[in-house]
Amino acid sequence: MDRKLRSDDKTAATEFSGLCTPETFRELCGNPHSHNPSSRLTHDIVDRVRYRILQHFNTTPEEYTVIFTSGSTAALKLVAEAFPWSAPTAAEPGSLFCYLTDNHTSVVGIRGPASARGALSLPVSPGEVRGPASARGALSLPVSPGEVVGRARARDGNARQTPRHLFCYPAQSNFSGRKYPLDNVRGIQARRLYPACEHGGLWLVLLDAASHAACSPLDLQRCPADFVPLSFYKMFGFPTGLGALLVRNQSAACLKKSYFGGGTAAAYLAGEDYYVPAANISDRFEDGSISFLDIIALNHSFDALQRITGGMDNIQLHAFGLARYTHMLLSSLCHGNGRPVAQMYTEGQFESPRTQGPILNFNLLDCHGHIIGYSQVDKLASLYNIHLRTGCFCNTGACQHFLGITDQAVKKNLQAGHVCGDSIDLVDGKPTGSVRVSFGYMSTFDNCQNFLNFVVDCFVEKPARVDQARLENLRQTQAAVHSGDSSEKLSQIKPKPLIEVNGGIERGDDETRRPAEETPEPSPDGHGGGHGGVGDTSRPKTPYSLTNIYIYPVKSCAAVEHFNTTPEEYTVIFTSGSTAALKLVAEAFPWSAPTAAEPGSLFCYLTDNHTSVVGIRGPASARGALSLPVSPGEVVGRARARDGNARQTPRHLFCYPAQSNFSGRKYPLDNVRGIQARRLYPACEHGGLWLVLLDAASHAACSPLDLQRCPADFVPLSFYKMFGFPTGLGALLVRNQSAACLKKSYFGGGTAAAYLAGEDYYVPAANISDRFEDGSISFLDIIALNHSFDALQRITGGMDNIQLHAFGLARYTHMLLSSLCHGNGRPVAQMYTEGQFESPRTQGPILNFNLLDCHGHIIGYSQVDKLASLYNIHLRTGCFCNTGACQHFLGITDQAVKKNLQAGHVCGDSIDLVDGKPTGSVRVSFGYMSTFDNCQNFLNFVVDCFVEKPARVDQARLENLRQTQAAVHSGDSSEKLSQIKPKPLIEVNGGIERGDDETRRPAEETPEPSPDGHGGGHGGVGDTSRPKTPYSLTNIYIYPVKSCAAVEVYDWPVGASGLLYDRSWMVVNSHGVCLSQKREPRLSQILPGVHLSSGRLSLRASGMENLSVPLESVAMLQTSQRVCQSKVCGDRVETVDCGDEAATWLSDFLGQPCRLIRQNPDSVRDGKKRLNTGSSPAALSLVNEAQYLLINRASVDLLQEQIRSRQEFSEDGRPLDAQNLISRFRANLVVAGVEPFEEDTWSRLIIGNARFLVAGRCERCQMICVDQDDGTRTKAPLLALSSCRAGKLTFGVYLSRQVEQDSPSGCTLSVGAAVLHRTSDPSL
């Protein structure tokens, strides 16, 4: 206990320092909603974590999908909102929402959304329905635990699949720790158990595993629930704001959402009610940016959990053993007069961990048998540094059952002033709640001992005694159960007992014995306790929780003061991000449908709004509101005198961006008051009460926001955009005078003043933030915010300075980029901006553009992104979750959006051009950490990669920009901008060069190619002097370990998935993500060797002893090497770990934790997702795309000439010869062709006696920039390829072997074999 004994909800964060190690953030991780290297790394790690979660619950991605949420409550809310509830009709009964009364508040709260959509338990008259859920005439049916089996009977013969019903079933009671039989999951689904046996339709089961999964294994093969909400905070103690919903794939199709946020759409239109959801289940439901840094930390949490404990079975036995020991002694403990000390609330006697979790729930009794209020227990516990959880624990049903509180008493207690979570523990001498103690894997017997000693010290009339008869009875009962129990290991537990002295008890050893008068003072800095210090720091339940001291200043001071307002005017509601804040308004706004007496609500928004704003139209339309998109020019352009209607209904919502996240345009904040006063369009044309949502997520990152000047009703924020961390925290600022209009149907833990599980009765919390912060808030992240605000002020001096700094950088970059020209005078960039960066009052620090080639054609953003990564520049590309602005600036029609979707382009992919027209653009944003060197590096990158030399500057345009900005700034408050002295690009004879001596090198100083430079490649990469007989095979390479050096061979057998042993092994990092030379170029220095005669794979590297592992994995499988799963190019592959020796060897050489794994020969991976040849799918090894990669020497020669003409060399100044280039492209087969790139037109080949189908061109990335000789990076190959291929980055073609039915199974390829080909173009 102390700071180790944890409460289940949880009372405090675990001592997570050992779980979230520095390894978590050793690499740069970016928002996964992009394609740059840091974003792709994040995507890969997140995907790996998804698999780890499924593996933990003994299931696979083929059976379940992980949807990340902000906690288990958010997971429950997702199901509540997306479930296909149906109202009863004349032809069919409606849906049922059923739940055990022993369920968490967040489960019971589902009845709100269910009832709002017409879900019924029993048909009732409207007058019988009470409370918020009755708004649509519905009733929920609570089910007591005993009824599930007790009322089971043979089901009726109705096998229909509609309506769909939802049964919510707790794996473990969070009140008493009682475990419910998991076999009942299948019983409900099969309609063998009540209430399913009495109601036809399709029954789906939600298994609330949040409490259970903390200390017990859960096997989803045994109980395949349709929905499983989880809390990683309960499992690990960190992160505090992360959970998940596991969705059974076969049940996922029934979930339909109305709201859509950023990243969840395949396509949508801002000006038309058109929306196509993302195909992937997790993408479809993870609105906005996921909390990716927290998710990355989970990988290490799972590793640490296994390493420390040995697995969940051990945790279950350990925690249960401690709980059983404490229960035995506490329930047997008596006052000196023989009366019991505790009233225990449990269904059994802790007989088995199969039926009881490690939770004790009780109230203490005085020597007269009267209950001691839990607040008094809580106060005294704090003196012993014991942090308890007290109250009803968000489970009113169980609390009423155990404490004998009637429904009438709950309502009476509310009238007496008692609300959920307060410190009123007794009303008329009767308890309103109890005390709960929970154990976890970090708990110890000392914790038990300290807690029992605390009870004896403070509450037992001396001499304390033990009821020996009861104690012996408990021991015998448990022994009888365990005699046939699989948990016989419990008998090995040897707790240190309290010492019995003359019928009384004392402390168990000298170290822990201390008279009461020596009790230490409370620790002044202990505010959380470990897994878990028994006090709920997630939501202060009593005035004694120190978390309140940390969180309250953020709510009342830092956040509101930052925006120049006060708690009297605004309330801070913490959310998981700005998207969650927008969704909260969408769901709680009082939308009304039109009636004969009054028009309905309007949802209005600028077309230049983020996806997450546009997505509000779904919930609005579902409630009868009309959506009205407004172009930016219409707000003022169509303004007129309003009508004289002063009515306050209906209520309308106007969503207005403070700053466009696409172009950086700042919209006049005075328009907020103009809309509210109905002076501007569309408010001037529609009567009613107009409320304004000001989307400040983009604006607040670098600009001050004064809510005294623009008192918007709702202001969503993203602290991730402001500070970069936490990644899963945002807020909604709600104007207090507007808060009363928000009405929610769902209610989660901590948001109710009172509710009943057995009756449709719910009273929301009075405090605005309490009412809307469902479940546990992410308190550790919130505490970090206080320091973030302090650091921001200390480092920068305030938001005014940040605004000037960031705008100055953006303006400088805009001036030069928009003036930059090719040698022929054509512009280099098409800028997407409404103005010319005249002032920081009208423009934010965002540049949006597409680059143009010397002919004026747009260069696809994917190509720009790839080349930028060579310069360590990580760009954001696409439409940036703002389709309206993207369409406006790029001239994309609504029809074109739909056509692009049919062509395969979806939001967020890398298809940048369709029919030569752009689908998106490039965005560069600046912040308070940006520097002029960043600007310079970016501009030099553009000049290096995309400008036809000599690069020029349009002097007339540049001067015009300077004069325009100077005129604006002469009367601008931002005159400080004139003090900025950037280091300019140097203008030379009308052209431009780099701005410092280190990077300048005149063309005449370019060194001559070295006459003896030739790339000799690793693994015997051979001689380029081999005769180039037309259409012959000149080289064969295999790459046994993916991304390691090549092995050149001259005759090599062909296997079922390509060349034998080609890419059969790969190296993965500590996250389980495959390492490649893009991130770890030293892989090129690892030289594999395949020794067929001895059956061994060898690895060599400089300074390392040789390593040898078996070629076949059978031996490894027999020695208990673990089978695991990894991903290659989106495909899930089953692999075998090659052991600790190989892992140590690789880790030592690469300087980071990693392991060697190989493809499991028993698993099959096919290429059906990529190879569109019409034949049966080709089996693949660990290759990216296809079985073979072929390149043409004639194409290599052309590329080499291009590099020479550009006068670019390797890092050491050597020219890049043909063999060096060949090694960079890492092909399996090199052929001597006649014409460069003629291989692009081939459709079929015969090499020797083997037949191949061409499966497409190979799209190249920055990996060809790694020199395979020494691991250094050279930009020349990718730049030259882009130039000679007119912007395309393809080189080489993919092949799959075509095996005829009568062809021999064995085949060998040999150097010198003739190559016959057939072209796909009949004219050739």
# chains A, B, ... in the order shown; residues from 1 in each chain; ligands from 1
>>> residues_around(residues="segment 574-587 of chain A", least_positions_apart="6", cutoff="7 Å", atoms="only C-alpha atoms", output="PyMOL selection string")
chain A and resi 70+261+287-288+612-613+616+619-620+697+716-718+728-732+744+773
>>> residues_around(residues="His888 of chain A", least_positions_apart="2", cutoff="12 Å", atoms="only C-alpha atoms", output="PDB file with all heavy atoms, in the first residue's frame")
ATOM      1  N   LEU A 269     -16.711  16.332 -49.133  1.00  0.00           N
ATOM      2  CA  LEU A 269     -16.814  17.660 -49.720  1.00  0.00           C
ATOM      3  C   LEU A 269     -17.295  18.634 -48.657  1.00  0.00           C
ATOM      4  O   LEU A 269     -18.163  18.303 -47.847  1.00  0.00           O
ATOM      5  CB  LEU A 269     -17.787  17.658 -50.900  1.00  0.00           C
ATOM      6  CG  LEU A 269     -17.357  16.833 -52.125  1.00  0.00           C
ATOM      7  CD1 LEU A 269     -18.487  16.782 -53.145  1.00  0.00           C
ATOM      8  CD2 LEU A 269     -16.095  17.412 -52.758  1.00  0.00           C
ATOM      9  N   ALA A 270     -16.725  19.835 -48.672  1.00  0.00           N
ATOM     10  CA  ALA A 270     -17.132  20.846 -47.706  1.00  0.00           C
ATOM     11  C   ALA A 270     -18.430  21.524 -48.115  1.00  0.00           C
ATOM     12  O   ALA A 270     -19.205  21.962 -47.268  1.00  0.00           O
ATOM     13  CB  ALA A 270     -16.034  21.894 -47.540  1.00  0.00           C
ATOM     14  N   GLY A 271     -18.675  21.603 -49.413  1.00  0.00           N
ATOM     15  CA  GLY A 271     -19.854  22.320 -49.894  1.00  0.00           C
ATOM     16  C   GLY A 271     -21.025  21.434 -50.244  1.00  0.00           C
ATOM     17  O   GLY A 271     -22.044  21.917 -50.737  1.00  0.00           O
ATOM     18  N   THR A 607     -16.255  27.265 -45.572  1.00  0.00           N
ATOM     19  CA  THR A 607     -15.711  26.143 -46.352  1.00  0.00           C
ATOM     20  C   THR A 607     -14.219  25.976 -46.089  1.00  0.00           C
ATOM     21  O   THR A 607     -13.675  24.897 -46.317  1.00  0.00           O
ATOM     22  CB  THR A 607     -15.962  26.380 -47.848  1.00  0.00           C
ATOM     23  OG1 THR A 607     -15.502  27.702 -48.205  1.00  0.00           O
ATOM     24  CG2 THR A 607     -17.447  26.262 -48.170  1.00  0.00           C
ATOM     25  N   ASP A 608     -13.563  27.017 -45.598  1.00  0.00           N
ATOM     26  CA  ASP A 608     -12.147  26.941 -45.222  1.00  0.00           C
ATOM     27  C   ASP A 608     -12.039  26.513 -43.756  1.00  0.00           C
ATOM     28  O   ASP A 608     -11.441  27.193 -42.931  1.00  0.00           O
ATOM     29  CB  ASP A 608     -11.472  28.290 -45.441  1.00  0.00           C
ATOM     30  CG  ASP A 608      -9.956  28.244 -45.213  1.00  0.00           C
ATOM     31  OD1 ASP A 608      -9.423  27.133 -44.984  1.00  0.00           O
ATOM     32  OD2 ASP A 608      -9.319  29.309 -45.246  1.00  0.00           O
ATOM     33  N   ASN A 609     -12.660  25.394 -43.434  1.00  0.00           N
ATOM     34  CA  ASN A 609     -12.602  24.855 -42.081  1.00  0.00           C
ATOM     35  C   ASN A 609     -12.003  23.463 -42.116  1.00  0.00           C
ATOM     36  O   ASN A 609     -12.058  22.769 -43.141  1.00  0.00           O
ATOM     37  CB  ASN A 609     -14.014  24.778 -41.463  1.00  0.00           C
ATOM     38  CG  ASN A 609     -14.226  25.826 -40.379  1.00  0.00           C
ATOM     39  OD1 ASN A 609     -13.392  25.999 -39.496  1.00  0.00           O
ATOM     40  ND2 ASN A 609     -15.352  26.524 -40.429  1.00  0.00           N
ATOM     41  N   SER A 631     -18.934  30.493 -47.913  1.00  0.00           N
ATOM     42  CA  SER A 631     -17.601  30.835 -48.397  1.00  0.00           C
ATOM     43  C   SER A 631     -17.084  32.039 -47.616  1.00  0.00           C
ATOM     44  O   SER A 631     -17.872  32.862 -47.129  1.00  0.00           O
ATOM     45  CB  SER A 631     -17.636  31.151 -49.892  1.00  0.00           C
ATOM     46  OG  SER A 631     -18.390  32.321 -50.133  1.00  0.00           O
ATOM     47  N   PRO A 632     -15.756  32.185 -47.465  1.00  0.00           N
ATOM     48  CA  PRO A 632     -15.220  33.281 -46.642  1.00  0.00           C
ATOM     49  C   PRO A 632     -15.709  34.660 -47.048  1.00  0.00           C
ATOM     50  O   PRO A 632     -15.978  35.505 -46.195  1.00  0.00           O
ATOM     51  CB  PRO A 632     -13.702  33.134 -46.831  1.00  0.00           C
ATOM     52  CG  PRO A 632     -13.502  31.673 -47.100  1.00  0.00           C
ATOM     53  CD  PRO A 632     -14.700  31.255 -47.906  1.00  0.00           C
ATOM     54  N   PHE A 662      -4.907  25.486 -43.695  1.00  0.00           N
ATOM     55  CA  PHE A 662      -4.378  25.211 -45.039  1.00  0.00           C
ATOM     56  C   PHE A 662      -3.436  26.321 -45.492  1.00  0.00           C
ATOM     57  O   PHE A 662      -2.281  26.068 -45.807  1.00  0.00           O
ATOM     58  CB  PHE A 662      -5.539  25.060 -46.026  1.00  0.00           C
ATOM     59  CG  PHE A 662      -5.115  24.642 -47.419  1.00  0.00           C
ATOM     60  CD1 PHE A 662      -5.116  23.308 -47.781  1.00  0.00           C
ATOM     61  CD2 PHE A 662      -4.713  25.583 -48.362  1.00  0.00           C
ATOM     62  CE1 PHE A 662      -4.718  22.915 -49.057  1.00  0.00           C
ATOM     63  CE2 PHE A 662      -4.302  25.208 -49.631  1.00  0.00           C
ATOM     64  CZ  PHE A 662      -4.308  23.861 -49.983  1.00  0.00           C
ATOM     65  N   SER A 663      -3.917  27.556 -45.511  1.00  0.00           N
ATOM     66  CA  SER A 663      -3.130  28.659 -46.067  1.00  0.00           C
ATOM     67  C   SER A 663      -2.536  29.578 -45.018  1.00  0.00           C
ATOM     68  O   SER A 663      -1.687  30.414 -45.344  1.00  0.00           O
ATOM     69  CB  SER A 663      -4.017  29.492 -46.999  1.00  0.00           C
ATOM     70  OG  SER A 663      -5.061  30.121 -46.256  1.00  0.00           O
ATOM     71  N   TYR A 832      -0.208  29.307 -52.569  1.00  0.00           N
ATOM     72  CA  TYR A 832      -1.635  29.296 -52.250  1.00  0.00           C
ATOM     73  C   TYR A 832      -1.867  30.174 -51.025  1.00  0.00           C
ATOM     74  O   TYR A 832      -1.776  29.727 -49.880  1.00  0.00           O
ATOM     75  CB  TYR A 832      -2.107  27.866 -51.993  1.00  0.00           C
ATOM     76  CG  TYR A 832      -1.865  26.938 -53.170  1.00  0.00           C
ATOM     77  CD1 TYR A 832      -1.182  25.736 -53.003  1.00  0.00           C
ATOM     78  CD2 TYR A 832      -2.293  27.273 -54.449  1.00  0.00           C
ATOM     79  CE1 TYR A 832      -0.956  24.887 -54.084  1.00  0.00           C
ATOM     80  CE2 TYR A 832      -2.065  26.433 -55.540  1.00  0.00           C
ATOM     81  CZ  TYR A 832      -1.402  25.239 -55.341  1.00  0.00           C
ATOM     82  OH  TYR A 832      -1.168  24.407 -56.415  1.00  0.00           O
ATOM     83  N   THR A 833      -2.132  31.439 -51.275  1.00  0.00           N
ATOM     84  CA  THR A 833      -2.358  32.407 -50.204  1.00  0.00           C
ATOM     85  C   THR A 833      -3.292  33.480 -50.714  1.00  0.00           C
ATOM     86  O   THR A 833      -3.326  33.780 -51.907  1.00  0.00           O
ATOM     87  CB  THR A 833      -1.022  33.028 -49.732  1.00  0.00           C
ATOM     88  OG1 THR A 833      -1.283  33.990 -48.727  1.00  0.00           O
ATOM     89  CG2 THR A 833      -0.292  33.701 -50.881  1.00  0.00           C
ATOM     90  N   GLU A 834      -4.071  34.068 -49.795  1.00  0.00           N
ATOM     91  CA  GLU A 834      -5.006  35.126 -50.185  1.00  0.00           C
ATOM     92  C   GLU A 834      -4.316  36.479 -50.274  1.00  0.00           C
ATOM     93  O   GLU A 834      -4.779  37.367 -50.964  1.00  0.00           O
ATOM     94  CB  GLU A 834      -6.153  35.200 -49.163  1.00  0.00           C
ATOM     95  CG  GLU A 834      -7.052  33.983 -49.154  1.00  0.00           C
ATOM     96  CD  GLU A 834      -7.887  33.837 -50.422  1.00  0.00           C
ATOM     97  OE1 GLU A 834      -7.977  34.793 -51.216  1.00  0.00           O
ATOM     98  OE2 GLU A 834      -8.451  32.741 -50.622  1.00  0.00           O
ATOM     99  N   CYS A 879      -3.913  17.359 -48.411  1.00  0.00           N
ATOM    100  CA  CYS A 879      -4.941  18.401 -48.289  1.00  0.00           C
ATOM    101  C   CYS A 879      -5.080  18.902 -46.860  1.00  0.00           C
ATOM    102  O   CYS A 879      -5.893  19.778 -46.598  1.00  0.00           O
ATOM    103  CB  CYS A 879      -6.298  17.876 -48.786  1.00  0.00           C
ATOM    104  SG  CYS A 879      -6.577  18.206 -50.539  1.00  0.00           S
ATOM    105  N   ASN A 882      -8.422  19.679 -44.886  1.00  0.00           N
ATOM    106  CA  ASN A 882      -9.181  20.888 -45.220  1.00  0.00           C
ATOM    107  C   ASN A 882      -9.518  20.838 -46.700  1.00  0.00           C
ATOM    108  O   ASN A 882      -8.929  21.545 -47.519  1.00  0.00           O
ATOM    109  CB  ASN A 882      -8.380  22.139 -44.876  1.00  0.00           C
ATOM    110  CG  ASN A 882      -9.212  23.411 -44.948  1.00  0.00           C
ATOM    111  OD1 ASN A 882     -10.180  23.498 -45.704  1.00  0.00           O
ATOM    112  ND2 ASN A 882      -8.851  24.405 -44.164  1.00  0.00           N
ATOM    113  N   THR A 883     -10.480  19.988 -47.039  1.00  0.00           N
ATOM    114  CA  THR A 883     -10.834  19.787 -48.440  1.00  0.00           C
ATOM    115  C   THR A 883     -11.378  21.059 -49.071  1.00  0.00           C
ATOM    116  O   THR A 883     -11.129  21.331 -50.250  1.00  0.00           O
ATOM    117  CB  THR A 883     -11.862  18.648 -48.563  1.00  0.00           C
ATOM    118  OG1 THR A 883     -11.251  17.432 -48.131  1.00  0.00           O
ATOM    119  CG2 THR A 883     -12.343  18.481 -49.985  1.00  0.00           C
ATOM    120  N   GLY A 884     -12.121  21.858 -48.311  1.00  0.00           N
ATOM    121  CA  GLY A 884     -12.694  23.082 -48.862  1.00  0.00           C
ATOM    122  C   GLY A 884     -11.636  24.027 -49.382  1.00  0.00           C
ATOM    123  O   GLY A 884     -11.710  24.511 -50.520  1.00  0.00           O
ATOM    124  N   ALA A 885     -10.622  24.305 -48.569  1.00  0.00           N
ATOM    125  CA  ALA A 885      -9.544  25.203 -48.991  1.00  0.00           C
ATOM    126  C   ALA A 885      -8.725  24.570 -50.105  1.00  0.00           C
ATOM    127  O   ALA A 885      -8.293  25.249 -51.045  1.00  0.00           O
ATOM    128  CB  ALA A 885      -8.658  25.544 -47.797  1.00  0.00           C
ATOM    129  N   CYS A 886      -8.506  23.273 -50.010  1.00  0.00           N
ATOM    130  CA  CYS A 886      -7.736  22.573 -51.034  1.00  0.00           C
ATOM    131  C   CYS A 886      -8.425  22.684 -52.394  1.00  0.00           C
ATOM    132  O   CYS A 886      -7.786  22.968 -53.420  1.00  0.00           O
ATOM    133  CB  CYS A 886      -7.576  21.108 -50.619  1.00  0.00           C
ATOM    134  SG  CYS A 886      -6.408  20.169 -51.621  1.00  0.00           S
ATOM    135  N   LEU A 890      -6.588  24.855 -55.395  1.00  0.00           N
ATOM    136  CA  LEU A 890      -6.087  24.008 -56.471  1.00  0.00           C
ATOM    137  C   LEU A 890      -7.082  23.867 -57.623  1.00  0.00           C
ATOM    138  O   LEU A 890      -6.777  23.216 -58.626  1.00  0.00           O
ATOM    139  CB  LEU A 890      -5.735  22.610 -55.942  1.00  0.00           C
ATOM    140  CG  LEU A 890      -4.341  22.441 -55.330  1.00  0.00           C
ATOM    141  CD1 LEU A 890      -4.190  23.269 -54.059  1.00  0.00           C
ATOM    142  CD2 LEU A 890      -4.068  20.979 -55.001  1.00  0.00           C
ATOM    143  N   GLY A 891      -8.270  24.451 -57.486  1.00  0.00           N
ATOM    144  CA  GLY A 891      -9.255  24.385 -58.551  1.00  0.00           C
ATOM    145  C   GLY A 891      -9.814  22.992 -58.776  1.00  0.00           C
ATOM    146  O   GLY A 891     -10.105  22.599 -59.909  1.00  0.00           O
ATOM    147  N   ILE A 892      -9.971  22.245 -57.702  1.00  0.00           N
ATOM    148  CA  ILE A 892     -10.496  20.883 -57.803  1.00  0.00           C
ATOM    149  C   ILE A 892     -12.015  20.943 -57.644  1.00  0.00           C
ATOM    150  O   ILE A 892     -12.532  21.398 -56.622  1.00  0.00           O
ATOM    151  CB  ILE A 892      -9.898  19.974 -56.712  1.00  0.00           C
ATOM    152  CG1 ILE A 892      -8.370  19.979 -56.791  1.00  0.00           C
ATOM    153  CG2 ILE A 892     -10.433  18.562 -56.839  1.00  0.00           C
ATOM    154  CD1 ILE A 892      -7.701  19.228 -55.643  1.00  0.00           C
ATOM    155  N   THR A 893     -12.737  20.494 -58.642  1.00  0.00           N
ATOM    156  CA  THR A 893     -14.191  20.520 -58.584  1.00  0.00           C
ATOM    157  C   THR A 893     -14.714  19.371 -57.723  1.00  0.00           C
ATOM    158  O   THR A 893     -13.992  18.412 -57.434  1.00  0.00           O
ATOM    159  CB  THR A 893     -14.793  20.392 -59.984  1.00  0.00           C
ATOM    160  OG1 THR A 893     -14.439  19.109 -60.526  1.00  0.00           O
ATOM    161  CG2 THR A 893     -14.265  21.487 -60.912  1.00  0.00           C
ATOM    162  N   ASP A 894     -15.985  19.462 -57.351  1.00  0.00           N
ATOM    163  CA  ASP A 894     -16.603  18.378 -56.604  1.00  0.00           C
ATOM    164  C   ASP A 894     -16.572  17.087 -57.412  1.00  0.00           C
ATOM    165  O   ASP A 894     -16.338  16.000 -56.874  1.00  0.00           O
ATOM    166  CB  ASP A 894     -18.058  18.733 -56.252  1.00  0.00           C
ATOM    167  CG  ASP A 894     -18.148  19.857 -55.229  1.00  0.00           C
ATOM    168  OD1 ASP A 894     -17.090  20.256 -54.687  1.00  0.00           O
ATOM    169  OD2 ASP A 894     -19.268  20.329 -54.972  1.00  0.00           O
ATOM    170  N   THR A 919      -3.593  16.595 -56.485  1.00  0.00           N
ATOM    171  CA  THR A 919      -4.621  16.247 -55.505  1.00  0.00           C
ATOM    172  C   THR A 919      -4.366  16.919 -54.168  1.00  0.00           C
ATOM    173  O   THR A 919      -5.192  16.829 -53.259  1.00  0.00           O
ATOM    174  CB  THR A 919      -4.669  14.726 -55.293  1.00  0.00           C
ATOM    175  OG1 THR A 919      -3.402  14.288 -54.758  1.00  0.00           O
ATOM    176  CG2 THR A 919      -4.934  13.993 -56.601  1.00  0.00           C
ATOM    177  N   GLY A 920      -3.233  17.571 -54.036  1.00  0.00           N
ATOM    178  CA  GLY A 920      -2.881  18.233 -52.783  1.00  0.00           C
ATOM    179  C   GLY A 920      -1.676  19.119 -52.988  1.00  0.00           C
ATOM    180  O   GLY A 920      -1.292  19.421 -54.125  1.00  0.00           O
TER     181      GLY A 920
END
>>> select_by_dssp(residues="segment 865-898 of chain A", states="alpha helix (DSSP H)", output="count of residues only")
19
>>> atom_distance(atom1="atom CA of Cys741 of chain A", atom2="atom CA of Arg617 of chain A")
18.2 Å
>>> closest_residue(among="A:Ala278, A:Val914, A:Ile386, A:Leu360", to="Ala265 of chain A", atoms="only C-alpha atoms")
A:Ala278
>>> residues_around(residues="segment 71-77 of chain A", least_positions_apart="2", cutoff="8 Å", atoms="only C-alpha atoms", output="VMD selection string")
chain A and resid 69 79 to 81 106 to 107 110 210 229 to 233 241 to 245 746 748 to 749 774 to 776
>>> write_last_selection(atoms="C-alpha atoms", output="mmCIF file, in the first residue's frame")
data_model
loop_
_atom_site.group_PDB
_atom_site.id
_atom_site.type_symbol
_atom_site.label_atom_id
_atom_site.label_comp_id
_atom_site.auth_asym_id
_atom_site.auth_seq_id
_atom_site.Cartn_x
_atom_site.Cartn_y
_atom_site.Cartn_z
ATOM 1 C CA THR A 69 -9.294 6.097 -27.500
ATOM 2 C CA VAL A 79 -19.999 2.039 -29.014
ATOM 3 C CA ALA A 80 -22.932 3.953 -27.530
ATOM 4 C CA GLU A 81 -22.893 6.445 -30.388
ATOM 5 C CA SER A 106 -19.735 4.635 -17.946
ATOM 6 C CA VAL A 107 -21.593 1.506 -19.043
ATOM 7 C CA ILE A 110 -24.928 4.151 -22.722
ATOM 8 C CA ALA A 210 -11.137 -2.311 -17.860
ATOM 9 C CA PRO A 229 -13.071 -1.499 -23.848
ATOM 10 C CA LEU A 230 -9.671 -1.222 -22.151
ATOM 11 C CA SER A 231 -7.774 1.264 -20.008
ATOM 12 C CA PHE A 232 -3.977 1.233 -20.264
ATOM 13 C CA TYR A 233 -3.910 3.595 -17.315
ATOM 14 C CA GLY A 241 -5.199 9.423 -21.066
ATOM 15 C CA LEU A 242 -5.051 6.332 -23.247
ATOM 16 C CA GLY A 243 -7.365 3.395 -23.761
ATOM 17 C CA ALA A 244 -8.676 1.278 -26.590
ATOM 18 C CA LEU A 245 -11.697 -0.469 -27.970
ATOM 19 C CA TYR A 746 -24.284 9.881 -22.600
ATOM 20 C CA GLY A 748 -19.592 8.580 -17.956
ATOM 21 C CA GLY A 749 -17.820 8.109 -14.654
ATOM 22 C CA ASP A 774 -16.446 11.692 -18.929
ATOM 23 C CA GLY A 775 -14.210 9.220 -17.102
ATOM 24 C CA SER A 776 -10.739 9.876 -15.724
#
>>> atom_distance(atom1="atom CA of Glu1134 of chain A", atom2="atom CA of Asn1160 of chain A")
5.7 Å
>>> select_by_dssp(residues="segment 670-870 of chain A", states="strand (DSSP E or B)", output="MDAnalysis selection string")
chainID A and resid 689:695 714:718 730:735 752:756 761:764 820:821 827 829:831 843 846:852 858
